[in-house]
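Trainee: My structure is stored as final_23.pdb, with PDB, C-alpha atoms, pLDDT in the B column.
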```
ATOM      1  CA  MET A   1       0.000   0.000   0.000  1.00 95.00           C
ATOM      2  CA  ILE A   2       1.275   3.477  -0.883  1.00 94.00           C
ATOM      3  CA  GLU A   3       0.527   5.826   2.019  1.00 94.00           C
ATOM      4  CA  PRO A   4       0.614   9.497   0.989  1.00 92.00           C
ATOM      5  CA  LYS A   5       1.567  11.943   3.706  1.00 93.00           C
ATOM      6  CA  SER A   6       0.570  15.097   1.790  1.00 90.00           C
ATOM      7  CA  SER A   7      -0.469  16.226  -1.663  1.00 93.00           C
ATOM      8  CA  PHE A   8      -0.120  19.242  -3.909  1.00 96.00           C
ATOM      9  CA  PRO A   9      -0.862  19.966  -7.538  1.00 96.00           C
ATOM     10  CA  VAL A  10       1.792  21.331  -9.866  1.00 97.00           C
ATOM     11  CA  PHE A  11       0.489  23.378 -12.756  1.00 97.00           C
ATOM     12  CA  ILE A  12       2.630  23.914 -15.828  1.00 97.00           C
ATOM     13  CA  VAL A  13       2.047  27.569 -16.712  1.00 97.00           C
ATOM     14  CA  LYS A  14       3.518  30.194 -18.985  1.00 96.00           C
ATOM     15  CA  ASP A  15       3.778  33.005 -16.406  1.00 97.00           C
ATOM     16  CA  LEU A  16       5.325  32.248 -13.008  1.00 97.00           C
ATOM     17  CA  ASP A  17       5.319  35.906 -11.943  1.00 97.00           C
ATOM     18  CA  ALA A  18       1.570  36.191 -12.571  1.00 98.00           C
ATOM     19  CA  ALA A  19       0.953  32.997 -10.577  1.00 98.00           C
ATOM     20  CA  LYS A  20       3.121  34.207  -7.706  1.00 98.00           C
ATOM     21  CA  SER A  21       1.406  37.591  -7.557  1.00 98.00           C
ATOM     22  CA  PHE A  22      -2.120  36.212  -7.860  1.00 98.00           C
ATOM     23  CA  TYR A  23      -1.802  33.547  -5.158  1.00 98.00           C
ATOM     24  CA  THR A  24       0.203  35.632  -2.680  1.00 98.00           C
ATOM     25  CA  GLU A  25      -1.906  38.789  -3.061  1.00 97.00           C
ATOM     26  CA  ASN A  26      -5.351  37.176  -3.181  1.00 97.00           C
ATOM     27  CA  LEU A  27      -5.266  33.726  -1.592  1.00 96.00           C
ATOM     28  CA  ASP A  28      -2.992  33.838   1.480  1.00 94.00           C
ATOM     29  CA  PHE A  29      -0.123  31.840  -0.055  1.00 98.00           C
ATOM     30  CA  ASP A  30       3.555  32.450   0.686  1.00 98.00           C
ATOM     31  CA  VAL A  31       6.476  31.552  -1.544  1.00 98.00           C
ATOM     32  CA  VAL A  32       8.637  28.787  -0.029  1.00 98.00           C
ATOM     33  CA  PHE A  33      10.697  28.089  -3.172  1.00 98.00           C
ATOM     34  CA  SER A  34      11.311  30.406  -6.095  1.00 97.00           C
ATOM     35  CA  GLY A  35      13.565  29.263  -8.913  1.00 95.00           C
ATOM     36  CA  ASP A  36      13.899  30.341 -12.520  1.00 95.00           C
ATOM     37  CA  TRP A  37      11.482  27.642 -13.730  1.00 96.00           C
ATOM     38  CA  TYR A  38       9.522  26.503 -10.629  1.00 97.00           C
ATOM     39  CA  ILE A  39       7.832  28.125  -7.640  1.00 98.00           C
ATOM     40  CA  HIS A  40       6.224  26.424  -4.663  1.00 98.00           C
ATOM     41  CA  LEU A  41       3.628  28.150  -2.499  1.00 98.00           C
ATOM     42  CA  VAL A  42       2.116  27.249   0.864  1.00 98.00           C
ATOM     43  CA  SER A  43      -0.851  28.871   2.598  1.00 96.00           C
ATOM     44  CA  SER A  44      -0.965  29.651   6.301  1.00 94.00           C
ATOM     45  CA  THR A  45      -3.267  26.621   6.673  1.00 94.00           C
ATOM     46  CA  GLY A  46      -0.824  24.285   4.908  1.00 95.00           C
ATOM     47  CA  VAL A  47      -2.375  24.106   1.428  1.00 97.00           C
ATOM     48  CA  GLN A  48       0.414  23.699  -1.146  1.00 97.00           C
ATOM     49  CA  VAL A  49       0.632  24.344  -4.885  1.00 98.00           C
ATOM     50  CA  GLY A  50       3.480  24.405  -7.377  1.00 98.00           C
ATOM     51  CA  PHE A  51       3.890  26.175 -10.707  1.00 98.00           C
ATOM     52  CA  MET A  52       6.419  25.195 -13.355  1.00 97.00           C
ATOM     53  CA  LEU A  53       7.344  26.716 -16.697  1.00 97.00           C
ATOM     54  CA  PRO A  54       6.786  24.520 -19.780  1.00 97.00           C
ATOM     55  CA  GLU A  55       9.505  22.886 -21.875  1.00 96.00           C
ATOM     56  CA  GLN A  56      11.953  22.310 -19.023  1.00 94.00           C
ATOM     57  CA  PRO A  57      14.796  20.058 -20.228  1.00 93.00           C
ATOM     58  CA  THR A  58      15.013  18.389 -16.790  1.00 92.00           C
ATOM     59  CA  GLN A  59      11.408  17.168 -17.051  1.00 93.00           C
ATOM     60  CA  PRO A  60      10.027  14.169 -18.975  1.00 95.00           C
ATOM     61  CA  PRO A  61       7.880  14.818 -22.079  1.00 94.00           C
ATOM     62  CA  MET A  62       4.610  14.375 -20.167  1.00 93.00           C
ATOM     63  CA  PHE A  63       5.494  17.445 -18.047  1.00 94.00           C
ATOM     64  CA  GLN A  64       6.437  19.739 -20.939  1.00 92.00           C
ATOM     65  CA  LYS A  65       3.204  21.319 -22.181  1.00 94.00           C
ATOM     66  CA  PRO A  66       1.489  24.238 -20.407  1.00 92.00           C
ATOM     67  CA  HIS A  67      -1.884  23.710 -18.757  1.00 91.00           C
ATOM     68  CA  SER A  68      -4.694  24.610 -21.162  1.00 90.00           C
ATOM     69  CA  GLY A  69      -7.094  25.773 -18.435  1.00 84.00           C
ATOM     70  CA  GLU A  70      -9.501  22.889 -19.043  1.00 89.00           C
ATOM     71  CA  GLY A  71      -9.955  19.503 -17.462  1.00 91.00           C
ATOM     72  CA  VAL A  72      -8.962  20.339 -13.893  1.00 92.00           C
ATOM     73  CA  ILE A  73     -10.498  22.239 -10.989  1.00 94.00           C
ATOM     74  CA  PHE A  74      -8.328  23.473  -8.116  1.00 96.00           C
ATOM     75  CA  SER A  75     -10.726  23.515  -5.151  1.00 97.00           C
ATOM     76  CA  LEU A  76      -9.979  25.600  -2.086  1.00 97.00           C
ATOM     77  CA  GLU A  77     -12.231  25.120   0.919  1.00 96.00           C
ATOM     78  CA  VAL A  78     -13.062  28.210   2.978  1.00 97.00           C
ATOM     79  CA  GLU A  79     -15.031  28.865   6.161  1.00 97.00           C
ATOM     80  CA  ASP A  80     -17.315  31.480   4.570  1.00 98.00           C
ATOM     81  CA  ALA A  81     -17.949  31.441   0.820  1.00 98.00           C
ATOM     82  CA  ASP A  82     -20.019  34.636   0.993  1.00 98.00           C
ATOM     83  CA  ALA A  83     -17.160  36.564   2.598  1.00 98.00           C
ATOM     84  CA  ALA A  84     -14.656  35.096   0.110  1.00 98.00           C
ATOM     85  CA  PHE A  85     -16.935  36.065  -2.775  1.00 98.00           C
ATOM     86  CA  ALA A  86     -17.136  39.630  -1.459  1.00 98.00           C
ATOM     87  CA  VAL A  87     -13.321  39.769  -1.389  1.00 97.00           C
ATOM     88  CA  ALA A  88     -13.087  38.355  -4.929  1.00 98.00           C
ATOM     89  CA  LYS A  89     -15.515  40.983  -6.194  1.00 98.00           C
ATOM     90  CA  SER A  90     -13.756  43.817  -4.360  1.00 97.00           C
ATOM     91  CA  LYS A  91     -10.407  42.760  -5.856  1.00 97.00           C
ATOM     92  CA  LEU A  92     -12.009  42.505  -9.316  1.00 97.00           C
ATOM     93  CA  LEU A  93     -10.891  38.891  -9.711  1.00 98.00           C
ATOM     94  CA  ASN A  94     -12.032  37.037 -12.819  1.00 98.00           C
ATOM     95  CA  ILE A  95     -15.247  35.404 -11.551  1.00 98.00           C
ATOM     96  CA  ALA A  96     -16.102  32.475 -13.822  1.00 97.00           C
ATOM     97  CA  LEU A  97     -19.087  31.202 -11.800  1.00 98.00           C
ATOM     98  CA  GLU A  98     -21.230  33.330  -9.510  1.00 98.00           C
ATOM     99  CA  LEU A  99     -21.786  32.362  -5.880  1.00 98.00           C
ATOM    100  CA  ARG A 100     -24.369  29.613  -5.485  1.00 98.00           C
ATOM    101  CA  SER A 101     -25.443  26.736  -3.262  1.00 97.00           C
ATOM    102  CA  GLU A 102     -25.542  23.131  -4.458  1.00 96.00           C
ATOM    103  CA  ASP A 103     -27.778  20.374  -3.097  1.00 94.00           C
ATOM    104  CA  TRP A 104     -24.755  18.092  -2.605  1.00 94.00           C
ATOM    105  CA  GLY A 105     -23.548  20.335   0.215  1.00 94.00           C
ATOM    106  CA  GLN A 106     -21.467  23.133  -1.247  1.00 96.00           C
ATOM    107  CA  ARG A 107     -21.776  26.883  -1.419  1.00 98.00           C
ATOM    108  CA  HIS A 108     -19.206  28.012  -3.936  1.00 98.00           C
ATOM    109  CA  PHE A 109     -18.050  30.232  -6.746  1.00 98.00           C
ATOM    110  CA  CYS A 110     -15.244  29.934  -9.295  1.00 98.00           C
ATOM    111  CA  ILE A 111     -12.505  32.318 -10.254  1.00 98.00           C
ATOM    112  CA  GLN A 112      -9.906  31.977 -12.989  1.00 97.00           C
ATOM    113  CA  ASP A 113      -6.286  32.849 -12.357  1.00 97.00           C
ATOM    114  CA  PRO A 114      -4.047  34.705 -14.858  1.00 96.00           C
ATOM    115  CA  ASN A 115      -2.764  31.397 -16.290  1.00 96.00           C
ATOM    116  CA  GLY A 116      -6.288  30.081 -16.951  1.00 95.00           C
ATOM    117  CA  ILE A 117      -6.582  27.759 -13.939  1.00 96.00           C
ATOM    118  CA  TYR A 118     -10.095  27.508 -12.515  1.00 97.00           C
ATOM    119  CA  LEU A 119     -10.327  27.735  -8.732  1.00 97.00           C
ATOM    120  CA  ASP A 120     -13.493  26.529  -7.046  1.00 98.00           C
ATOM    121  CA  ILE A 121     -13.840  28.398  -3.747  1.00 98.00           C
ATOM    122  CA  VAL A 122     -15.978  26.071  -1.633  1.00 98.00           C
ATOM    123  CA  GLN A 123     -17.772  26.119   1.699  1.00 97.00           C
ATOM    124  CA  SER A 124     -19.253  22.790   2.794  1.00 94.00           C
ATOM    125  CA  PHE A 125     -22.636  22.436   4.482  1.00 94.00           C
ATOM    126  CA  GLU A 126     -25.160  19.683   5.148  1.00 91.00           C
ATOM    127  CA  PRO A 127     -26.349  18.199   1.831  1.00 90.00           C
ATOM    128  CA  THR A 128     -30.006  17.680   1.012  1.00 89.00           C
ATOM    129  CA  GLU A 129     -31.518  14.334   1.931  1.00 87.00           C
ATOM    130  CA  GLU A 130     -31.192  13.180  -1.676  1.00 88.00           C
ATOM    131  CA  TYR A 131     -27.379  13.524  -1.539  1.00 90.00           C
ATOM    132  CA  GLN A 132     -26.804  12.436   2.059  1.00 85.00           C
ATOM    133  CA  ARG A 133     -26.857   8.759   1.071  1.00 83.00           C
ATOM    134  CA  ASP A 134     -23.932   9.340  -1.315  1.00 86.00           C
ATOM    135  CA  TYR A 135     -21.566  10.304   1.513  1.00 85.00           C
ATOM    136  CA  VAL A 136     -19.559   7.579   3.152  1.00 81.00           C
ATOM    137  CA  SER A 137     -19.690   7.843   6.912  1.00 73.00           C
ATOM    138  CA  GLU A 138     -16.419   7.609   8.825  1.00 62.00           C
ATOM    139  CA  GLN A 139     -16.089   4.545  10.973  1.00 50.00           C
TER     140      GLN A 139
END
```
Would you mind writing the file's structure down as structure tokens?

Mentor:
Amino acid sequence: MIEPKSSFPVFIVKDLDAAKSFYTENLDFDVVFSGDWYIHLVSSTGVQVGFMLPEQPTQPPMFQKPHSGEGVIFSLEVEDADAAFAVAKSKLLNIALELRSEDWGQRHFCIQDPNGIYLDIVQSFEPTEEYQRDYVSEQ
């Protein structure tokens, strides 16, 4: 059995400076590594994310192409989605999906970062009865 001790996505993007600015200025991330072709950020709550420039000769072919902005959602859970949405609007962030509540137990909205990555800003709450059966209870 492989037992992960932590996890973080690494997005291959064209603009490291834009990623660094966006995540540090808007989402409470700090830079813990900053190289010419890779940066690694960590939030005060321990959420990690990496950003790497495309076409790095040290990387295998599967890690060469930049992220297209489709096919992945970077979800960030917050305590208060309404407050986070107010901040996003006040900072004029690129809101891709307006604030809404979902029957499966999420209040959320989506923003898009300068490299095209979609971030789903999520607050969890009790799902409707229809969706409660889909959740696995901890034992």

Trainee: Restricting the calculation to only C-alpha atoms, which member of A:Glu77, A:Asp15, A:Glu25, A:Asp30 is positioned closest to Phe51 in chain A?

Mentor: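 Smallest distance to Phe51 in chain A is found for A:Asp15.
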
Trainee: Nearest to Arg100 in chain A among A:Val47, A:Leu16, A:Ile2, A:Ala81, with distances taken over all atoms listed in the file: which residue is it?

Mentor: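 Among the listed residues, the smallest separation from Arg100 in chain A belongs to A:Ala81.
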
Trainee: Pick out the closest residue to Thr58 in chain A from this set: A:Tyr38, A:Phe22, A:Phe109, A:Val72. Count only C-alpha atoms.

Mentor: A:Tyr38

Trainee: At what distance in Å, to one decimal, does CA of Pro54 in chain A lie from CA of Val122 in chain A?

Mentor: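 So the two atoms, CA of Val122 in chain A and CA of Pro54 in chain A, lie 29.2 Å apart.
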
Trainee: Using all atoms listed in the file, pick whichever of A:Asn26, A:Lys5, A:Gln132, A:Val78 has the shortest atom-to-atom distance to Leu92 in chain A.

Mentor: A:Asn26

Trainee: Run the PyMOL selection byres ((chain A and resi 116) around 8) mentally over the shown coordinates, then write out the matched residues as a list of chain:residue names, using the chain letters and numbers from the document.

Mentor: A:His67, A:Ser68, A:Gly69, A:Gln112, A:Asp113, A:Pro114, A:Asn115, A:Ile117, A:Tyr118

Trainee: As a list in words, please: the residues near Ala86 in chain A (cut-off 12 Å, all atoms listed in the file, same-chain neighbours under 6 positions excluded).

Mentor: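 My reading of the contact set: Asp80, Leu92, Leu93, Ile95, Glu98, Leu99, Phe109 and Ile121 of chain A.
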
Trainee: If we count all atoms listed in the file and set the cut-off at 12 Å, which residues sit around Leu76 in chain A, ignoring sequence neighbours fewer than 5 positions away in its own chain? Please answer as a ChimeraX atom specification.

Mentor: /A:8,23,27-29,43,45-49,81,84,106-111,118-124

Trainee: Ranking A:Ala83, A:Val136, A:Val42, A:Leu53 by minimum distance to Lys14 in chain A and counting all atoms listed in the file, which one comes first?

Mentor: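 Selected residue with least distance to Lys14 in chain A: A:Leu53.
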
Trainee: By how many Å are CA of Lys65 in chain A and CA of Ile12 in chain A apart?

Mentor: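 The value is 6.9 Å.
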